[in-house]
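A.B. asks: Next up, work07.pdb (PDB, C-alpha atoms (C1' of nucleotides)).
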MODEL        1
ATOM      1  CA  MET S   1       1.302 -17.335 -25.878
ATOM      2  CA  ASN S   2       0.465 -17.966 -22.220
ATOM      3  CA  ILE S   3       1.365 -15.578 -19.439
ATOM      4  CA  GLY S   4       4.303 -17.678 -18.325
ATOM      5  CA  ASP S   5       5.939 -17.465 -21.730
ATOM      6  CA  ALA S   6       5.212 -13.742 -21.927
ATOM      7  CA  ALA S   7       6.798 -13.349 -18.503
ATOM      8  CA  THR S   8       9.914 -15.210 -19.613
ATOM      9  CA  ARG S   9      10.213 -13.214 -22.815
ATOM     10  CA  THR S  10       9.689  -9.804 -21.249
ATOM     11  CA  GLY S  11      11.430 -10.464 -17.961
ATOM     12  CA  LEU S  12       8.385  -9.258 -16.046
ATOM     13  CA  PRO S  13       6.737 -11.328 -13.286
ATOM     14  CA  ALA S  14       3.340 -12.780 -14.222
ATOM     15  CA  LYS S  15       1.858 -10.843 -11.311
ATOM     16  CA  THR S  16       3.075  -7.600 -12.795
ATOM     17  CA  ILE S  17       1.672  -8.462 -16.212
ATOM     18  CA  ARG S  18      -1.749  -9.180 -14.707
ATOM     19  CA  TYR S  19      -1.538  -5.880 -12.853
ATOM     20  CA  TYR S  20      -0.735  -4.013 -16.051
ATOM     21  CA  GLU S  21      -3.799  -5.540 -17.644
ATOM     22  CA  GLU S  22      -5.913  -4.650 -14.618
ATOM     23  CA  ILE S  23      -4.978  -0.974 -14.866
ATOM     24  CA  GLY S  24      -5.496  -0.977 -18.610
ATOM     25  CA  LEU S  25      -1.935  -0.735 -19.896
ATOM     26  CA  ILE S  26      -2.364  -3.841 -22.032
ATOM     27  CA  ARG S  27      -5.359  -5.808 -23.297
ATOM     28  CA  PRO S  28      -4.265  -9.331 -24.145
ATOM     29  CA  ALA S  29      -6.760 -11.635 -25.894
ATOM     30  CA  ARG S  30      -8.383 -14.531 -24.065
ATOM     31  CA  GLY S  31      -8.479 -18.160 -25.157
ATOM     32  CA  ALA S  32     -11.531 -20.415 -24.905
ATOM     33  CA  ASN S  33     -10.238 -21.704 -21.572
ATOM     34  CA  GLY S  34     -10.035 -18.203 -20.112
ATOM     35  CA  TYR S  35      -6.247 -18.070 -20.369
ATOM     36  CA  ARG S  36      -4.663 -14.828 -21.521
ATOM     37  CA  ASP S  37      -3.209 -15.081 -25.015
ATOM     38  CA  PHE S  38      -0.326 -12.679 -25.627
ATOM     39  CA  SER S  39       0.554 -11.559 -29.136
ATOM     40  CA  ASP S  40       3.977 -10.348 -30.176
ATOM     41  CA  THR S  41       2.625  -6.815 -30.004
ATOM     42  CA  ASP S  42       1.560  -7.414 -26.410
ATOM     43  CA  CYS S  43       5.070  -8.594 -25.619
ATOM     44  CA  HIS S  44       6.584  -5.556 -27.265
ATOM     45  CA  LYS S  45       4.416  -3.322 -25.117
ATOM     46  CA  LEU S  46       5.370  -5.248 -21.998
ATOM     47  CA  THR S  47       9.038  -4.947 -22.845
ATOM     48  CA  PHE S  48       8.537  -1.246 -23.397
ATOM     49  CA  LEU S  49       6.804  -0.921 -20.040
ATOM     50  CA  GLY S  50       9.476  -2.916 -18.273
ATOM     51  CA  ARG S  51      12.209  -0.731 -19.661
ATOM     52  CA  ALA S  52      10.344   2.484 -18.943
ATOM     53  CA  ARG S  53       9.838   1.351 -15.343
ATOM     54  CA  ALA S  54      13.506   0.423 -15.134
ATOM     55  CA  HIS S  55      14.278   4.011 -16.094
ATOM     56  CA  GLY S  56      12.225   5.111 -13.120
ATOM     57  CA  PHE S  57       9.149   6.359 -14.933
ATOM     58  CA  SER S  58       5.926   6.165 -12.945
ATOM     59  CA  ILE S  59       3.005   4.098 -14.165
ATOM     60  CA  GLY S  60       1.298   7.333 -15.192
ATOM     61  CA  ASP S  61       4.310   8.335 -17.264
ATOM     62  CA  CYS S  62       4.472   4.837 -18.712
ATOM     63  CA  ARG S  63       0.859   5.101 -19.789
ATOM     64  CA  ALA S  64       1.568   8.358 -21.585
ATOM     65  CA  LEU S  65       4.795   7.072 -23.105
ATOM     66  CA  LEU S  66       3.107   3.914 -24.310
ATOM     67  CA  ALA S  67       0.384   5.967 -25.955
ATOM     68  CA  LEU S  68       3.019   8.042 -27.729
ATOM     69  CA  TYR S  69       4.889   4.878 -28.654
ATOM     70  CA  GLU S  70       1.778   3.590 -30.401
ATOM     71  CA  ASP S  71       0.919   6.906 -32.006
ATOM     72  CA  THR S  72       3.016   7.104 -35.163
ATOM     73  CA  SER S  73       1.928  10.701 -35.674
ATOM     74  CA  ARG S  74       3.305  11.770 -32.290
ATOM     75  CA  ALA S  75       5.574  14.741 -31.789
ATOM     76  CA  SER S  76       8.918  13.888 -30.224
ATOM     77  CA  ALA S  77       8.510  17.050 -28.159
ATOM     78  CA  ASP S  78       5.781  15.315 -26.135
ATOM     79  CA  VAL S  79       8.091  12.434 -25.324
ATOM     80  CA  LYS S  80      10.921  14.774 -24.485
ATOM     81  CA  ARG S  81       8.728  16.797 -22.138
ATOM     82  CA  ILE S  82       7.888  13.722 -20.088
ATOM     83  CA  ALA S  83      11.487  12.604 -19.952
ATOM     84  CA  GLN S  84      12.708  16.041 -18.949
ATOM     85  CA  ALA S  85      10.167  16.322 -16.153
ATOM     86  CA  HIS S  86      11.213  12.912 -14.922
ATOM     87  CA  LEU S  87      14.826  13.950 -15.076
ATOM     88  CA  VAL S  88      14.070  16.930 -12.864
ATOM     89  CA  THR S  89      12.286  14.672 -10.381
ATOM     90  CA  ILE S  90      15.281  12.378 -10.245
ATOM     91  CA  GLN S  91      17.686  15.261  -9.769
ATOM     92  CA  THR S  92      15.569  16.576  -6.916
ATOM     93  CA  LYS S  93      15.595  13.191  -5.215
ATOM     94  CA  ILE S  94      19.326  12.912  -5.665
ATOM     95  CA  ALA S  95      19.800  16.322  -4.059
ATOM     96  CA  GLU S  96      17.674  15.288  -1.070
ATOM     97  CA  LEU S  97      19.593  12.071  -0.662
ATOM     98  CA  GLU S  98      22.936  13.825  -1.002
ATOM     99  CA  GLU S  99      21.902  16.163   1.764
ATOM    100  CA  MET S 100      20.997  13.233   4.003
ATOM    101  CA  LYS S 101      24.157  11.438   3.031
ATOM    102  CA  SER S 102      26.506  14.256   3.983
ATOM    103  CA  THR S 103      24.734  14.846   7.281
ATOM    104  CA  LEU S 104      24.768  11.163   8.111
ATOM    105  CA  ALA S 105      28.359  10.721   7.068
ATOM    106  CA  ARG S 106      29.368  13.549   9.360
ATOM    107  CA  LEU S 107      27.406  12.036  12.239
ATOM    108  CA  VAL S 108      28.748   8.557  11.697
ATOM    109  CA  ASP S 109      32.259   9.942  11.613
ATOM    110  CA  SER S 110      31.783  11.826  14.831
ATOM    111  CA  CYS S 111      30.481   8.798  16.729
ATOM    112  CA  ALA S 112      33.053   6.758  18.573
ATOM    113  CA  GLY S 113      31.086   3.562  18.082
ATOM    114  CA  ASP S 114      32.305   1.946  21.258
ATOM    115  CA  ASP S 115      30.530   0.605  24.345
ATOM    116  CA  ARG S 116      30.072   4.004  25.939
ATOM    117  CA  PRO S 117      26.665   5.689  25.784
ATOM    118  CA  ASP S 118      27.806   9.121  24.568
ATOM    119  CA  CYS S 119      26.628   9.510  20.999
ATOM    120  CA  PRO S 120      26.562  12.663  18.855
ATOM    121  CA  ILE S 121      24.092  10.979  16.517
ATOM    122  CA  LEU S 122      21.481  10.760  19.266
ATOM    123  CA  VAL S 123      22.335  14.259  20.388
ATOM    124  CA  GLU S 124      21.624  15.674  16.955
ATOM    125  CA  LEU S 125      18.417  13.701  16.542
ATOM    126  CA  ALA S 126      17.219  14.917  19.919
ATOM    127  CA  ALA S 127      18.263  18.545  19.798
ATOM    128  CA  GLY S 128      18.413  19.283  16.154
ATOM    129  CA  SER S 129      21.485  21.452  15.894
ATOM    130  CA  THR S 130      22.914  21.244  12.416
ATOM    131  CA  ASP S 131      25.380  23.941  13.347
ATOM    132  CA  GLN S 132      28.802  23.797  11.878
ATOM    133  CA  LYS S 133      30.874  25.814  14.289
ATOM    134  CA  THR S 134      28.807  26.570  17.375
TER
ATOM    135  CA  MET B   1      -1.018  19.178  26.447
ATOM    136  CA  ASN B   2      -3.478  18.285  23.698
ATOM    137  CA  ILE B   3      -2.482  16.769  20.383
ATOM    138  CA  GLY B   4      -2.790  20.087  18.568
ATOM    139  CA  ASP B   5      -0.252  21.727  20.843
ATOM    140  CA  ALA B   6       2.031  18.724  20.590
ATOM    141  CA  ALA B   7       1.730  18.943  16.817
ATOM    142  CA  THR B   8       2.645  22.624  16.849
ATOM    143  CA  ARG B   9       5.587  22.075  19.153
ATOM    144  CA  THR B  10       7.023  19.096  17.320
ATOM    145  CA  GLY B  11       6.128  20.157  13.817
ATOM    146  CA  LEU B  12       4.460  16.817  13.186
ATOM    147  CA  PRO B  13       0.883  16.541  11.872
ATOM    148  CA  ALA B  14      -1.651  15.278  14.405
ATOM    149  CA  LYS B  15      -2.370  12.369  12.074
ATOM    150  CA  THR B  16       1.246  11.315  12.242
ATOM    151  CA  ILE B  17       1.297  11.541  16.027
ATOM    152  CA  ARG B  18      -1.781   9.312  16.281
ATOM    153  CA  TYR B  19      -0.132   6.907  13.906
ATOM    154  CA  TYR B  20       3.006   6.793  16.019
ATOM    155  CA  GLU B  21       0.899   5.950  19.031
ATOM    156  CA  GLU B  22      -0.947   3.274  17.082
ATOM    157  CA  ILE B  23       2.287   1.498  16.170
ATOM    158  CA  GLY B  24       3.592   1.830  19.691
ATOM    159  CA  LEU B  25       6.317   4.441  19.285
ATOM    160  CA  ILE B  26       4.797   6.649  21.966
ATOM    161  CA  ARG B  27       2.274   6.107  24.750
ATOM    162  CA  PRO B  28       0.739   9.427  25.735
ATOM    163  CA  ALA B  29      -1.549   9.549  28.771
ATOM    164  CA  ARG B  30      -5.289  10.036  28.437
ATOM    165  CA  GLY B  31      -7.446  12.638  30.132
ATOM    166  CA  ALA B  32     -10.880  11.974  31.635
ATOM    167  CA  ASN B  33     -12.474  13.134  28.376
ATOM    168  CA  GLY B  34     -10.503  10.644  26.315
ATOM    169  CA  TYR B  35      -8.158  13.255  24.924
ATOM    170  CA  ARG B  36      -4.495  12.385  24.649
ATOM    171  CA  ASP B  37      -2.343  14.237  27.162
ATOM    172  CA  PHE B  38       1.241  14.767  26.012
ATOM    173  CA  SER B  39       4.028  15.290  28.512
ATOM    174  CA  ASP B  40       7.262  17.083  27.744
ATOM    175  CA  THR B  41       8.909  13.698  27.473
ATOM    176  CA  ASP B  42       6.357  12.674  24.854
ATOM    177  CA  CYS B  43       7.151  15.818  22.920
ATOM    178  CA  HIS B  44      10.867  15.124  23.137
ATOM    179  CA  LYS B  45      10.288  11.687  21.714
ATOM    180  CA  LEU B  46       8.143  13.086  18.935
ATOM    181  CA  THR B  47      10.780  15.639  18.059
ATOM    182  CA  PHE B  48      13.344  12.874  18.035
ATOM    183  CA  LEU B  49      11.164  10.799  15.731
ATOM    184  CA  GLY B  50      10.499  13.717  13.436
ATOM    185  CA  ARG B  51      14.175  14.436  13.071
ATOM    186  CA  ALA B  52      15.082  10.788  12.590
ATOM    187  CA  ARG B  53      12.449  10.520   9.848
ATOM    188  CA  ALA B  54      13.760  13.720   8.296
ATOM    189  CA  HIS B  55      17.148  12.028   8.107
ATOM    190  CA  GLY B  56      15.508   9.259   6.124
ATOM    191  CA  PHE B  57      15.446   6.553   8.781
ATOM    192  CA  SER B  58      12.640   4.031   8.417
ATOM    193  CA  ILE B  59      10.063   3.577  11.137
ATOM    194  CA  GLY B  60      11.815   0.380  12.121
ATOM    195  CA  ASP B  61      15.104   2.217  12.497
ATOM    196  CA  CYS B  62      13.337   4.968  14.407
ATOM    197  CA  ARG B  63      11.965   2.435  16.827
ATOM    198  CA  ALA B  64      15.434   1.055  17.472
ATOM    199  CA  LEU B  65      16.993   4.517  17.705
ATOM    200  CA  LEU B  66      14.319   5.691  20.114
ATOM    201  CA  ALA B  67      14.945   2.656  22.312
ATOM    202  CA  LEU B  68      18.656   3.467  22.349
ATOM    203  CA  TYR B  69      17.859   7.113  23.010
ATOM    204  CA  GLU B  70      15.959   6.093  26.113
ATOM    205  CA  ASP B  71      18.497   3.537  27.237
ATOM    206  CA  THR B  72      21.185   5.481  29.107
ATOM    207  CA  SER B  73      23.321   2.352  29.314
ATOM    208  CA  ARG B  74      23.420   1.993  25.537
ATOM    209  CA  ALA B  75      26.585   1.503  23.540
ATOM    210  CA  SER B  76      27.160   4.162  20.917
ATOM    211  CA  ALA B  77      28.301   1.349  18.637
ATOM    212  CA  ASP B  78      24.688   0.200  18.335
ATOM    213  CA  VAL B  79      23.594   3.637  17.212
ATOM    214  CA  LYS B  80      26.480   3.904  14.801
ATOM    215  CA  ARG B  81      25.674   0.523  13.267
ATOM    216  CA  ILE B  82      22.145   1.633  12.415
ATOM    217  CA  ALA B  83      23.315   4.941  10.999
ATOM    218  CA  GLN B  84      26.004   3.286   8.922
ATOM    219  CA  ALA B  85      23.588   0.767   7.459
ATOM    220  CA  HIS B  86      21.221   3.588   6.607
ATOM    221  CA  LEU B  87      24.068   5.493   5.019
ATOM    222  CA  VAL B  88      24.825   2.511   2.793
ATOM    223  CA  THR B  89      21.153   2.311   1.788
ATOM    224  CA  ILE B  90      21.174   5.976   0.855
ATOM    225  CA  GLN B  91      24.386   5.644  -1.123
ATOM    226  CA  THR B  92      22.903   2.707  -3.014
ATOM    227  CA  LYS B  93      19.808   4.699  -3.885
ATOM    228  CA  ILE B  94      21.911   7.620  -5.014
ATOM    229  CA  ALA B  95      23.935   5.339  -7.272
ATOM    230  CA  GLU B  96      20.743   3.962  -8.841
ATOM    231  CA  LEU B  97      19.365   7.440  -9.393
ATOM    232  CA  GLU B  98      22.648   8.680 -10.838
ATOM    233  CA  GLU B  99      22.558   5.807 -13.285
ATOM    234  CA  MET B 100      19.029   6.728 -14.338
ATOM    235  CA  LYS B 101      19.953  10.377 -14.485
ATOM    236  CA  SER B 102      22.860   9.950 -16.859
ATOM    237  CA  THR B 103      20.906   7.643 -19.134
ATOM    238  CA  LEU B 104      17.940   9.991 -19.185
ATOM    239  CA  ALA B 105      20.096  13.046 -19.719
ATOM    240  CA  ARG B 106      21.717  11.378 -22.703
ATOM    241  CA  LEU B 107      18.319  10.440 -24.132
ATOM    242  CA  VAL B 108      16.823  13.868 -23.591
ATOM    243  CA  ASP B 109      19.824  15.410 -25.255
ATOM    244  CA  SER B 110      19.531  13.155 -28.265
ATOM    245  CA  CYS B 111      15.843  13.908 -28.803
ATOM    246  CA  ALA B 112      15.054  16.739 -31.166
ATOM    247  CA  GLY B 113      11.900  17.623 -29.282
ATOM    248  CA  ASP B 114      10.064  18.950 -32.302
ATOM    249  CA  ASP B 115       6.808  17.981 -34.020
ATOM    250  CA  ARG B 116       8.293  15.039 -35.878
ATOM    251  CA  PRO B 117       7.645  11.510 -34.600
ATOM    252  CA  ASP B 118      11.240  10.256 -34.660
ATOM    253  CA  CYS B 119      12.372   9.872 -31.074
ATOM    254  CA  PRO B 120      15.470   8.112 -29.754
ATOM    255  CA  ILE B 121      13.864   7.946 -26.311
ATOM    256  CA  LEU B 122      11.095   5.710 -27.572
ATOM    257  CA  VAL B 123      13.590   3.699 -29.575
ATOM    258  CA  GLU B 124      15.641   2.948 -26.509
ATOM    259  CA  LEU B 125      12.615   2.086 -24.403
ATOM    260  CA  ALA B 126      11.363  -0.253 -27.101
ATOM    261  CA  ALA B 127      14.593  -1.923 -28.119
ATOM    262  CA  GLY B 128      16.773  -1.607 -25.090
ATOM    263  CA  SER B 129      20.108  -0.828 -26.661
ATOM    264  CA  THR B 130      22.288   1.002 -24.179
ATOM    265  CA  ASP B 131      25.150   0.762 -26.650
ATOM    266  CA  GLN B 132      27.601   3.586 -26.793
ATOM    267  CA  LYS B 133      29.130   3.209 -30.238
ATOM    268  CA  THR B 134      27.130   0.657 -32.171
TER
ATOM    269  C1'  DC Z   1     -27.630  28.356  23.955
ATOM    270  C1'  DT Z   2     -25.243  28.261  20.098
ATOM    271  C1'  DT Z   3     -21.188  28.546  17.464
ATOM    272  C1'  DG Z   4     -16.868  27.101  16.171
ATOM    273  C1'  DA Z   5     -12.683  24.945  17.174
ATOM    274  C1'  DC Z   6     -10.997  21.232  19.025
ATOM    275  C1'  DC Z   7     -10.782  16.165  19.951
ATOM    276  C1'  DT Z   8     -12.074  11.011  19.135
ATOM    277  C1'  DT Z   9     -12.382   6.579  16.260
ATOM    278  C1'  DC Z  10     -12.963   4.360  11.900
ATOM    279  C1'  DC Z  11     -12.379   3.406   7.188
ATOM    280  C1'  DC Z  12     -10.608   4.152   2.526
ATOM    281  C1'  DG Z  13      -6.786   5.520  -0.617
ATOM    282  C1'  DT Z  14      -2.009   6.034  -2.020
ATOM    283  C1'  DG Z  15       2.103   3.188  -5.783
ATOM    284  C1'  DA Z  16       3.242  -0.781  -7.714
ATOM    285  C1'  DC Z  17       3.092  -4.648  -6.994
ATOM    286  C1'  DG Z  18       4.025  -9.630  -3.858
ATOM    287  C1'  DG Z  19       2.170 -13.663  -1.293
ATOM    288  C1'  DG Z  20      -0.926 -16.987  -0.862
ATOM    289  C1'  DA Z  21      -5.564 -19.301  -0.933
ATOM    290  C1'  DA Z  22      -8.946 -21.734  -3.560
ATOM    291  C1'  DC Z  23      -9.970 -23.430  -7.716
ATOM    292  C1'  DC Z  24      -9.757 -24.755 -13.014
ATOM    293  C1'  DC Z  25      -7.152 -26.714 -17.267
ATOM    294  C1'  DT Z  26      -3.827 -29.575 -19.644
ATOM    295  C1'  DT Z  27      -0.552 -33.066 -20.224
ATOM    296  C1'  DA Z  28       2.134 -37.152 -18.953
ATOM    297  C1'  DT Z  29       2.423 -41.440 -16.738
ATOM    298  C1'  DG Z  30       1.210 -45.980 -14.194
TER
ATOM    299  C1'  DC A   1      -8.843 -44.468 -16.348
ATOM    300  C1'  DA A   2      -7.093 -42.256 -12.308
ATOM    301  C1'  DT A   3      -3.902 -39.208 -10.769
ATOM    302  C1'  DA A   4      -0.206 -36.086 -10.067
ATOM    303  C1'  DA A   5       2.404 -32.197 -11.653
ATOM    304  C1'  DG A   6       2.620 -27.943 -13.471
ATOM    305  C1'  DG A   7       0.438 -24.566 -15.792
ATOM    306  C1'  DG A   8      -3.442 -21.052 -15.540
ATOM    307  C1'  DT A   9      -7.537 -18.075 -13.111
ATOM    308  C1'  DT A  10      -9.661 -14.750  -9.576
ATOM    309  C1'  DC A  11      -9.751 -12.709  -5.085
ATOM    310  C1'  DC A  12      -8.107 -10.757  -0.997
ATOM    311  C1'  DC A  13      -4.685  -9.137   2.198
ATOM    312  C1'  DG A  14      -0.071  -6.833   3.149
ATOM    313  C1'  DT A  15       3.486  -3.575   2.081
ATOM    314  C1'  DC A  16       5.194   1.820   3.951
ATOM    315  C1'  DA A  17       4.014   5.877   6.295
ATOM    316  C1'  DC A  18       0.852   8.238   6.538
ATOM    317  C1'  DG A  19      -3.463  11.743   4.403
ATOM    318  C1'  DG A  20      -8.442  12.696   3.691
ATOM    319  C1'  DG A  21     -12.699  12.726   5.285
ATOM    320  C1'  DA A  22     -16.960  11.128   7.796
ATOM    321  C1'  DA A  23     -19.571  10.780  12.098
ATOM    322  C1'  DG A  24     -19.741  12.152  16.487
ATOM    323  C1'  DG A  25     -18.118  13.817  21.435
ATOM    324  C1'  DT A  26     -16.000  18.029  24.150
ATOM    325  C1'  DC A  27     -14.845  22.584  25.398
ATOM    326  C1'  DA A  28     -14.338  27.757  25.763
ATOM    327  C1'  DA A  29     -16.377  32.102  24.287
ATOM    328  C1'  DG A  30     -20.032  35.279  23.268
TER
ENDMDL
END
What would the structure in this file look like if it were written as structure tokens?
C.D. replies:
Amino acid sequence: MNIGDAATRTGLPAKTIRYYEEIGLIRPARGANGYRDFSDTDCHKLTFLGRARAHGFSIGDCRALLALYEDTSRASADVKRIAQAHLVTIQTKIAELEEMKSTLARLVDSCAGDDRPDCPILVELAAGSTDQKT
Amino acid sequence: MNIGDAATRTGLPAKTIRYYEEIGLIRPARGANGYRDFSDTDCHKLTFLGRARAHGFSIGDCRALLALYEDTSRASADVKRIAQAHLVTIQTKIAELEEMKSTLARLVDSCAGDDRPDCPILVELAAGSTDQKT
DNA sequence: CTTGACCTTCCCGTGACGGGAACCCTTATG
DNA sequence: CATAAGGGTTCCCGTCACGGGAAGGTCAAG
């Protein structure tokens, strides 16, 4: 199977597939003409990678997960550990974004948004008072 | 004021300050020895930039916000527009992360996490069934 | 005079690809 | 048979917002 067909089947761009080969995530065979030749197994791995990435796992995590996926004598604890760590990362990011969101929402609310220059958003960015009552 | 002092005052790394000059956000003067010479105004701008970045604004947004900050005949509506758009971006990211979080939490919960190979996390990544009841 | 703490520019690396150039291979059609 | 279209290939640069580190100039103190 050529890269175009593999791309269609897995939903990944051909560029991404080539990149995954470059960094050693997959090792598709090569035809006599130099074209990559993807097996069903290759496609399964690509699908796996695509879904892992869609769940937000880094390439490093994907590499580890793929290794566990291929290791039938794995311990599910190893998989769970990776997923849990990733979950913590995501929760941390959410907390950061929620913090930004509430601050921004407050600022946006407090700004008249008219043609006058007075703007509490600029005031906060300049001075840096996150005070609530002062 | 040298870059080290400016860095201390603004809380920004010297590297970042040089970068901001390189991309034209600030234009500090130069001494006879070639050293950058930061005025109070430069420091104000740097503080502004640091706080805008801390609120998650992109460099492009920061450039626009800084221009508005310096333009005393600005309309607060222009500032508000940028902040609102950024707020939407943040909310979108939060929604994506929340989606990942709930999926991951469900998967982590369903994984025994012992020394056996059976792992619903790997099953989902391989197959892609997000089904609830099937 | 030397030491050490600054400062300067320059270049490479990050993560995970995307865009595009320059070129090769295969197949269909006039 | 020539050619054009639509694959494929490698290679290199750009993204975003810096960080690390090298090689070298400058300055204040002892």
A.B. asks: Compile a residue-level contact table for chain S against chain B at a cut-off of 7 Å, reporting for every qualifying residue the shortest atom pair and its distance in Å to one decimal, with all atoms listed in the file counted, rows ordered by chain and ascending number, as JSON lines.
C.D. replies:
{"residue": "S:Thr47", "atom": "CA", "partner": "B:Ala126", "partner_atom": "CA", "distance": 6.7}
{"residue": "S:Phe48", "atom": "CA", "partner": "B:Ala126", "partner_atom": "CA", "distance": 4.8}
{"residue": "S:Arg51", "atom": "CA", "partner": "B:Leu125", "partner_atom": "CA", "distance": 5.5}
{"residue": "S:Ala52", "atom": "CA", "partner": "B:Leu125", "partner_atom": "CA", "distance": 5.9}
{"residue": "S:His55", "atom": "CA", "partner": "B:Met100", "partner_atom": "CA", "distance": 5.7}
{"residue": "S:Tyr69", "atom": "CA", "partner": "B:Leu122", "partner_atom": "CA", "distance": 6.4}
{"residue": "S:Thr72", "atom": "CA", "partner": "B:Pro117", "partner_atom": "CA", "distance": 6.4}
{"residue": "S:Ser73", "atom": "CA", "partner": "B:Pro117", "partner_atom": "CA", "distance": 5.9}
{"residue": "S:Arg74", "atom": "CA", "partner": "B:Pro117", "partner_atom": "CA", "distance": 4.9}
{"residue": "S:Ala75", "atom": "CA", "partner": "B:Asp115", "partner_atom": "CA", "distance": 4.1}
{"residue": "S:Ser76", "atom": "CA", "partner": "B:Gly113", "partner_atom": "CA", "distance": 4.9}
{"residue": "S:Ala77", "atom": "CA", "partner": "B:Gly113", "partner_atom": "CA", "distance": 3.6}
{"residue": "S:Lys80", "atom": "CA", "partner": "B:Gly113", "partner_atom": "CA", "distance": 5.7}
{"residue": "S:Ala83", "atom": "CA", "partner": "B:Val108", "partner_atom": "CA", "distance": 6.6}
{"residue": "S:Gln84", "atom": "CA", "partner": "B:Val108", "partner_atom": "CA", "distance": 6.6}
{"residue": "S:Leu87", "atom": "CA", "partner": "B:Lys101", "partner_atom": "CA", "distance": 6.3}
{"residue": "S:Ile90", "atom": "CA", "partner": "B:Leu97", "partner_atom": "CA", "distance": 6.5}
{"residue": "S:Ile94", "atom": "CA", "partner": "B:Ile94", "partner_atom": "CA", "distance": 5.9}
{"residue": "S:Leu97", "atom": "CA", "partner": "B:Ile90", "partner_atom": "CA", "distance": 6.5}
{"residue": "S:Met100", "atom": "CA", "partner": "B:His55", "partner_atom": "CA", "distance": 5.8}
{"residue": "S:Lys101", "atom": "CA", "partner": "B:Leu87", "partner_atom": "CA", "distance": 6.3}
{"residue": "S:Leu104", "atom": "CA", "partner": "B:Leu87", "partner_atom": "CA", "distance": 6.5}
{"residue": "S:Val108", "atom": "CA", "partner": "B:Lys80", "partner_atom": "CA", "distance": 6.0}
{"residue": "S:Cys111", "atom": "CA", "partner": "B:Lys80", "partner_atom": "CA", "distance": 6.6}
{"residue": "S:Ala112", "atom": "CA", "partner": "B:Ser76", "partner_atom": "CA", "distance": 6.9}
{"residue": "S:Gly113", "atom": "CA", "partner": "B:Ala77", "partner_atom": "CA", "distance": 3.6}
{"residue": "S:Asp114", "atom": "CA", "partner": "B:Ala77", "partner_atom": "CA", "distance": 4.8}
{"residue": "S:Asp115", "atom": "CA", "partner": "B:Ala75", "partner_atom": "CA", "distance": 4.1}
{"residue": "S:Arg116", "atom": "CA", "partner": "B:Ala75", "partner_atom": "CA", "distance": 4.9}
{"residue": "S:Pro117", "atom": "CA", "partner": "B:Ala75", "partner_atom": "CA", "distance": 4.8}
{"residue": "S:Asp118", "atom": "CA", "partner": "B:Ser76", "partner_atom": "CA", "distance": 6.2}
{"residue": "S:Cys119", "atom": "CA", "partner": "B:Ser76", "partner_atom": "CA", "distance": 5.4}
{"residue": "S:Leu122", "atom": "CA", "partner": "B:Tyr69", "partner_atom": "CA", "distance": 6.4}
{"residue": "S:Leu125", "atom": "CA", "partner": "B:Phe48", "partner_atom": "CA", "distance": 5.4}
{"residue": "S:Ala126", "atom": "CA", "partner": "B:Phe48", "partner_atom": "CA", "distance": 4.8}
A.B. asks: Which residues of segment 34-111 of chain S come within 12 Å of segment 3-27 of chain A, and what is each one's closest atom pair and distance in Å (one decimal), counting only C-alpha atoms (C1' of nucleotides), sorted by chain and residue number, as JSON lines?
C.D. replies:
{"residue": "S:Gly34", "atom": "CA", "partner": "A:DT9", "partner_atom": "C1'", "distance": 7.4}
{"residue": "S:Tyr35", "atom": "CA", "partner": "A:DG8", "partner_atom": "C1'", "distance": 6.3}
{"residue": "S:Arg36", "atom": "CA", "partner": "A:DG8", "partner_atom": "C1'", "distance": 8.7}
{"residue": "S:Asp37", "atom": "CA", "partner": "A:DG8", "partner_atom": "C1'", "distance": 11.2}
A.B. asks: So which residues get picked by the PyMOL selection byres ((chain B) within 12 of (chain Z)) here, written as a list in words?
C.D. replies: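 In the shown coordinates, the PyMOL selection byres ((chain B) within 12 of (chain Z)) covers Asn2, Ile3, Gly4, Asp5, Ala14, Arg18, Glu22, Arg30, Gly31, Asn33, Gly34, Tyr35, Arg36 and Asp37 of chain B.
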A.B. asks: Just to confirm, what's the straight-line distance from atom CA of Ile59 of chain S to atom CA of Ile59 of chain B in Å (one decimal)?
C.D. replies: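 Between these atoms lies a distance of 26.3 Å.
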A.B. asks: List the spatial neighbours of Cys43 of chain S as an MDAnalysis selection string - criterion: any atom at most 8 Å away, all atoms listed in the file, same-chain residues fewer than 6 positions off excluded.
C.D. replies: chainID S and resid 6 9:10
A.B. asks: Might you spell out which residues the PyMOL selection byres ((chain B) within 8 of (chain A)) would select in the displayed file, as a ChimeraX atom specification?
C.D. replies: /B:15-16,19,33
A.B. asks: One decimal, in Å: what's the spacing between atom CA of Asp61 of chain S and atom CA of Ile23 of chain S?
C.D. replies: 13.4 Å
A.B. asks: Separation of atom CA of Gly60 of chain B and atom CA of Ser58 of chain S, in Å?
C.D. replies: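 Computing it gives 26.4 Å between the two atoms.
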